[in-house]
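Student: Before we start, here is the structure in question, set down as structure tokens.
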Amino acid sequence: MKFFFAMVISISLTSSVFAVSEKELFEKGVSCLKQDKYQEAVTAFSELIKMAPENPDAYKNRGVAYMKLNLYDQAIADFERTKEIMPSLKGLHSNLGVAWYYKSDYPKAIENYKQEILLSPDNHFAYFNRAICLYELKEYDKSLEDIAKTLELLPGFYLALCLKGDLYTKMNQLQQAKHAYEAAISIDPDPVYAREQLAGLNDGVLPGGGVTYELQSGAFQLRDNAEKMQEKLAKNGYKAKILVVTRPGQIIWYLVRSGIYSSKNEAQADKNTLKQDLRIDSIVRPSGKF
């Protein structure tokens with residue numbers, strides 16, 4: 001299944017054509033693209049190409065319209081023709097990358113993003129789109145490197161933070177995944193994706209149905225005592241939460257939990273560290289369960 005994030009496509013908004021009729025056709029085509037009238041855009045740019053067969057922007061934009069119509073072979077042909085005319089045209093290699101991505105040829109997509117990055121090393125979309133392709137190839141370490149560069153160029157990029165969370169989840173580095181989703185939510189709390197992924201981790205459910213685990217550092221009948229344990233953990237770099245066990249009309253226990261792990265063995269390693277660093281005897285419990 002295709003990765004849910006939208007690949008970024010580049011269109012040309014200005015052109016080097018000068019004749020009035022050519023300019024009108026170009027502007028008509030761009031207007032159609034902006035209004036999602038893709039077949040009409042194809043018609044406009046095709047007429048322009050007849051009049052100005054060496055206009056790279058006409059081919060590039062018609063390629064975008066073809067891609068929006070899911071006609072990827074036609075899009076690639078137009079982008080390749082653009083490359084013959086003006087190989088350094090901004091966004092061209094990114095568009096080829098998108099087209100090859102949708103044809104599921106991820107190595108060709110990656111090669112085009114590499115070329116785009118060489119031409120525009122500050123293009124965060126090129127790094128992000130390449131990260132998606134590397135994700136599809138299960139090259140998670142390399143994908144994380146591209147996400148790190150994406151976020152260096154654009155720190156508040158919600159989708160990049162979500163992909164970072166997904167990558168860490170795939171790599172069973174669940175604490176890092178949780179932090180990434182939390183960062184995405186802090187940037188933009190409205191989209192549901194990061195919240196749903198984080199809720200799944202907090203509820204102890206991995207994608208595919210696996211169970212996650214937490215460390216329980218104490219069970220207290222007084223909330224004050226639970227908060228003191230939570231504060232102690234926080235001062236030493238452990239982010240903890242308090243779960244409340246209740247009966248109808250009655251609070252029974254305040255449980256202090258930290259971490260999120262894909263296996264009991266992984267949790268056990270941190271349990272030993274917690275014992276050694278803070279002299280806390282914790283126990284391994286399924287996430288969100290009492």
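Each chain in the structure tokens gets a letter, A, B, ..., in the order shown, and its residues are numbered from 1; ligands are numbered from 1 in order too.
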May I have the residues within 9 Å of Gln173 (chain A) as an NGL selection string, using only C-alpha atoms and disregarding those fewer than 5 positions away in the same chain?

Tutor: :A and (167-168 or 178 or 260-262)

Student: Output the selection as an mmCIF file, in the first residue's frame - N, CA and C atoms for each residue.

Tutor:
```cif
data_model
loop_
_atom_site.group_PDB
_atom_site.id
_atom_site.type_symbol
_atom_site.label_atom_id
_atom_site.label_comp_id
_atom_site.auth_asym_id
_atom_site.auth_seq_id
_atom_site.Cartn_x
_atom_site.Cartn_y
_atom_site.Cartn_z
ATOM 1 N N LEU A 167 8.881 5.608 11.216
ATOM 2 C CA LEU A 167 10.164 4.931 11.039
ATOM 3 C C LEU A 167 10.646 4.318 12.351
ATOM 4 N N TYR A 168 10.579 5.099 13.418
ATOM 5 C CA TYR A 168 11.007 4.567 14.713
ATOM 6 C C TYR A 168 10.121 3.404 15.149
ATOM 7 N N LYS A 178 7.292 7.705 19.984
ATOM 8 C CA LYS A 178 6.351 8.471 20.799
ATOM 9 C C LYS A 178 6.734 9.946 20.833
ATOM 10 N N ILE A 260 8.104 3.012 26.663
ATOM 11 C CA ILE A 260 7.225 2.209 25.824
ATOM 12 C C ILE A 260 8.127 1.281 25.014
ATOM 13 N N TYR A 261 7.849 -0.018 25.043
ATOM 14 C CA TYR A 261 8.769 -1.022 24.513
ATOM 15 C C TYR A 261 8.009 -2.035 23.671
ATOM 16 N N SER A 262 8.682 -2.546 22.654
ATOM 17 C CA SER A 262 8.041 -3.500 21.752
ATOM 18 C C SER A 262 8.127 -4.930 22.266
#
```

Student: Do a neighbour search on Asn112 (chain A) at 10 Å with only C-alpha atoms, toss out local chain neighbours closer than 6 positions, and write the hits as a list in words.

Tutor: Leu92, His93, Ser94, Asn95, Leu96, Gly97, Val98, Trp100, Tyr106, Leu118, Ala126 and Arg130 of chain A

Student: Mind dumping the selected residues with N, CA and C atoms as an mmCIF file, in the first residue's frame?

Tutor:
```
data_model
loop_
_atom_site.group_PDB
_atom_site.id
_atom_site.type_symbol
_atom_site.label_atom_id
_atom_site.label_comp_id
_atom_site.auth_asym_id
_atom_site.auth_seq_id
_atom_site.Cartn_x
_atom_site.Cartn_y
_atom_site.Cartn_z
ATOM 1 N N LEU A 92 12.114 19.902 -11.727
ATOM 2 C CA LEU A 92 11.920 18.893 -12.761
ATOM 3 C C LEU A 92 12.239 17.494 -12.247
ATOM 4 N N HIS A 93 13.397 17.329 -11.606
ATOM 5 C CA HIS A 93 13.789 16.000 -11.137
ATOM 6 C C HIS A 93 12.880 15.529 -10.006
ATOM 7 N N SER A 94 12.391 16.452 -9.190
ATOM 8 C CA SER A 94 11.421 16.077 -8.150
ATOM 9 C C SER A 94 10.153 15.517 -8.781
ATOM 10 N N ASN A 95 9.691 16.147 -9.860
ATOM 11 C CA ASN A 95 8.484 15.654 -10.521
ATOM 12 C C ASN A 95 8.701 14.269 -11.111
ATOM 13 N N LEU A 96 9.872 14.055 -11.691
ATOM 14 C CA LEU A 96 10.193 12.707 -12.175
ATOM 15 C C LEU A 96 10.202 11.719 -11.009
ATOM 16 N N GLY A 97 10.733 12.159 -9.875
ATOM 17 C CA GLY A 97 10.735 11.295 -8.696
ATOM 18 C C GLY A 97 9.326 10.909 -8.277
ATOM 19 N N VAL A 98 8.401 11.880 -8.293
ATOM 20 C CA VAL A 98 7.015 11.580 -7.931
ATOM 21 C C VAL A 98 6.402 10.581 -8.908
ATOM 22 N N TRP A 100 7.876 8.341 -10.844
ATOM 23 C CA TRP A 100 8.434 6.999 -10.661
ATOM 24 C C TRP A 100 7.977 6.374 -9.344
ATOM 25 N N TYR A 106 10.924 2.693 -6.988
ATOM 26 C CA TYR A 106 11.518 3.567 -5.974
ATOM 27 C C TYR A 106 12.985 3.884 -6.233
ATOM 28 N N LEU A 118 21.140 17.764 -5.648
ATOM 29 C CA LEU A 118 22.386 18.334 -6.155
ATOM 30 C C LEU A 118 22.151 19.734 -6.725
ATOM 31 N N ALA A 126 12.481 17.667 -1.441
ATOM 32 C CA ALA A 126 13.219 16.605 -2.123
ATOM 33 C C ALA A 126 13.731 15.578 -1.110
ATOM 34 N N ARG A 130 12.279 11.747 -0.910
ATOM 35 C CA ARG A 130 13.230 10.636 -0.994
ATOM 36 C C ARG A 130 13.118 9.746 0.236
#
```

Student: Please provide the set of residues having any atom within 12 Å of Ala234 (chain A), restricted to only C-alpha atoms, with same-chain residues fewer than 4 positions apart removed, written as an MDAnalysis selection string.

Tutor: chainID A and resid 227:230 238:241 256:259 278

Student: Let's see if you can do this: from backbone DSSP, list all alpha helix (DSSP H) residues in region 114-165 of chain A, as a PyMOL selection string.

Tutor: chain A and resi 114-119+124-136+140-153+158-165

Student: Just to be explicit: take each residue in the selection above, keep C-alpha atoms, and write the result as a compact mmCIF listing (two decimals), in the first residue's frame.

Tutor:
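In the end it all went to part.txt:
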```txt
# COMPACT_ATOMS: atom_id res chain seq x y z
CA LYS A 114 19.37 12.81 -5.68
CA GLN A 115 19.69 14.95 -8.81
CA GLU A 116 17.19 17.50 -7.46
CA ILE A 117 19.16 17.75 -4.21
CA LEU A 118 22.39 18.33 -6.15
CA LEU A 119 20.70 21.21 -8.00
CA HIS A 124 13.40 20.12 1.99
CA PHE A 125 10.63 18.54 -0.11
CA ALA A 126 13.22 16.60 -2.12
CA TYR A 127 14.69 15.12 1.06
CA PHE A 128 11.21 14.36 2.42
CA ASN A 129 10.02 12.65 -0.78
CA ARG A 130 13.23 10.64 -0.99
CA ALA A 131 12.69 9.57 2.63
CA ILE A 132 9.26 8.21 1.65
CA CYS A 133 10.81 6.15 -1.16
CA LEU A 134 13.49 4.79 1.19
CA TYR A 135 10.70 3.91 3.65
CA GLU A 136 9.01 1.87 0.91
CA TYR A 140 14.79 2.88 7.49
CA ASP A 141 18.20 4.19 8.61
CA LYS A 142 18.71 6.07 5.34
CA SER A 143 15.14 7.35 5.45
CA LEU A 144 15.76 8.71 8.96
CA GLU A 145 18.85 10.53 7.68
CA ASP A 146 16.72 12.27 5.04
CA ILE A 147 14.06 13.11 7.61
CA ALA A 148 16.74 14.61 9.86
CA LYS A 149 17.86 16.82 6.95
CA THR A 150 14.24 17.71 6.15
CA LEU A 151 13.64 18.85 9.72
CA GLU A 152 16.95 20.72 9.78
CA LEU A 153 15.71 22.73 6.80
CA TYR A 158 4.30 18.05 10.57
CA LEU A 159 4.41 15.27 7.96
CA ALA A 160 8.15 14.76 8.42
CA LEU A 161 7.65 14.34 12.17
CA CYS A 162 4.90 11.80 11.50
CA LEU A 163 7.15 9.85 9.15
CA LYS A 164 9.89 9.99 11.77
CA GLY A 165 7.47 8.42 14.24
```

Student: Which residues are near region 212-225 of chain A? Cut-off 7 Å, only C-alpha atoms, ignore same chain within fewer than 4 positions. Put them as a list in words.

Tutor: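 Listed by chain and then number, they are Gly204, Val205, Leu206, Met229, Ile252, Trp253, Tyr254, Leu255, Val256, Arg257, Ser258, Gly259, Ile260, Tyr261, Ser262, Ser263, Lys264, Ala267, Lys271, Ile280, Asp281, Ser282, Ile283, Val284, Arg285, Pro286 and Ser287 of chain A.
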
Student: Could you write those residues out with C-alpha atoms, as a PDB file, in the first residue's frame?

Tutor:
```pdb
ATOM      1  CA  GLY A 204      -0.195  -0.874  23.959  1.00  0.00           C
ATOM      2  CA  VAL A 205      -1.020  -1.692  20.344  1.00  0.00           C
ATOM      3  CA  LEU A 206       1.577  -1.781  17.580  1.00  0.00           C
ATOM      4  CA  MET A 229       7.916   9.400  42.029  1.00  0.00           C
ATOM      5  CA  ILE A 252      -7.802   2.466  44.362  1.00  0.00           C
ATOM      6  CA  TRP A 253      -4.277   3.044  43.031  1.00  0.00           C
ATOM      7  CA  TYR A 254      -2.101   5.623  41.298  1.00  0.00           C
ATOM      8  CA  LEU A 255       0.332   3.768  39.034  1.00  0.00           C
ATOM      9  CA  VAL A 256       3.539   5.467  37.814  1.00  0.00           C
ATOM     10  CA  ARG A 257       4.551   4.213  34.345  1.00  0.00           C
ATOM     11  CA  SER A 258       7.427   5.158  32.029  1.00  0.00           C
ATOM     12  CA  GLY A 259       8.805   4.114  28.662  1.00  0.00           C
ATOM     13  CA  ILE A 260       7.225   2.209  25.824  1.00  0.00           C
ATOM     14  CA  TYR A 261       8.769  -1.022  24.513  1.00  0.00           C
ATOM     15  CA  SER A 262       8.041  -3.500  21.752  1.00  0.00           C
ATOM     16  CA  SER A 263       9.075  -6.539  23.854  1.00  0.00           C
ATOM     17  CA  LYS A 264       9.495  -7.642  27.437  1.00  0.00           C
ATOM     18  CA  ALA A 267      11.743  -3.344  28.793  1.00  0.00           C
ATOM     19  CA  LYS A 271      14.349  -2.024  34.200  1.00  0.00           C
ATOM     20  CA  ILE A 280      13.962   1.795  41.812  1.00  0.00           C
ATOM     21  CA  ASP A 281      12.525  -1.696  41.612  1.00  0.00           C
ATOM     22  CA  SER A 282      10.158  -1.495  38.653  1.00  0.00           C
ATOM     23  CA  ILE A 283       8.043  -4.157  37.026  1.00  0.00           C
ATOM     24  CA  VAL A 284       7.228  -4.784  33.339  1.00  0.00           C
ATOM     25  CA  ARG A 285       3.553  -4.346  32.464  1.00  0.00           C
ATOM     26  CA  PRO A 286       1.523  -4.280  29.226  1.00  0.00           C
ATOM     27  CA  SER A 287       1.011  -0.657  28.159  1.00  0.00           C
TER      28      SER A 287
END
```

Student: One number please: CA of Gln197 (chain A) to CA of Tyr181 (chain A), in Å, one decimal.

Tutor: 7.3 Å

Student: Residues within 12 Å of Glu40 (chain A), please, as a PyMOL selection string. Count only C-alpha atoms; anything in the same chain fewer than 2 positions from it doesn't count.

Tutor: chain A and resi 25-26+28-38+42-47+62+65-66+68-69

Student: Residues at most 10 Å from Glu80 (chain A), counting only C-alpha atoms, excluding those fewer than 3 positions away in the same chain, as a list in words?

Tutor: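 Once the adjacent positions are removed, what remains is Tyr59, Lys60, Gly63, Gln74, Ala75, Ile76, Ala77, Lys83, Glu84, Ile85, Met86, Pro87, Leu92, His93 and Leu96 of chain A.
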
Student: Using C-alpha atoms, can you write the selected residues to a file as a PDB file, in the first residue's frame?

Tutor:
```
ATOM      1  CA  TYR A  59       6.123  20.222 -21.165  1.00  0.00           C
ATOM      2  CA  LYS A  60       6.753  20.301 -17.433  1.00  0.00           C
ATOM      3  CA  GLY A  63       3.512  16.432 -17.295  1.00  0.00           C
ATOM      4  CA  GLN A  74       2.856  10.327 -20.408  1.00  0.00           C
ATOM      5  CA  ALA A  75       4.026  12.454 -17.477  1.00  0.00           C
ATOM      6  CA  ILE A  76       7.479  10.865 -17.514  1.00  0.00           C
ATOM      7  CA  ALA A  77       7.742  11.390 -21.293  1.00  0.00           C
ATOM      8  CA  LYS A  83      15.081  17.653 -19.350  1.00  0.00           C
ATOM      9  CA  GLU A  84      16.354  17.571 -22.935  1.00  0.00           C
ATOM     10  CA  ILE A  85      15.469  21.245 -23.355  1.00  0.00           C
ATOM     11  CA  MET A  86      16.456  22.575 -19.893  1.00  0.00           C
ATOM     12  CA  PRO A  87      17.985  19.920 -17.599  1.00  0.00           C
ATOM     13  CA  LEU A  92      11.920  18.893 -12.761  1.00  0.00           C
ATOM     14  CA  HIS A  93      13.789  16.000 -11.137  1.00  0.00           C
ATOM     15  CA  LEU A  96      10.193  12.707 -12.175  1.00  0.00           C
TER      16      LEU A  96
END
```

Student: Using only C-alpha atoms, which residue out of A:Pro155, A:Ile49, A:Lys170, A:Tyr113 lies closest to Lys138 (chain A)?

Tutor: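 For Lys138 (chain A), the nearest of the given residues is A:Lys170.
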
Student: Which residues in region 182-254 of chain A does DSSP call strand (DSSP E or B)? List them as a list in words.

Tutor: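 Checking each residue of region 182-254 of chain A, the strand (DSSP E or B) ones are Val205, Val211, Tyr213, Glu214, Leu215, Gln216, Ser217, Gly218, Ala219, Phe220, Ala240, Lys241, Ile242, Leu243, Val244, Val245, Thr246, Arg247, Gln250, Ile251, Ile252, Trp253 and Tyr254 of chain A.
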
Student: Counting only C-alpha atoms, which residue out of A:Thr82, A:Ser88, A:Ser21, A:Val244 sits closest to Ser120 (chain A)?

Tutor: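 Of all the options, A:Ser88 lies closest to Ser120 (chain A).
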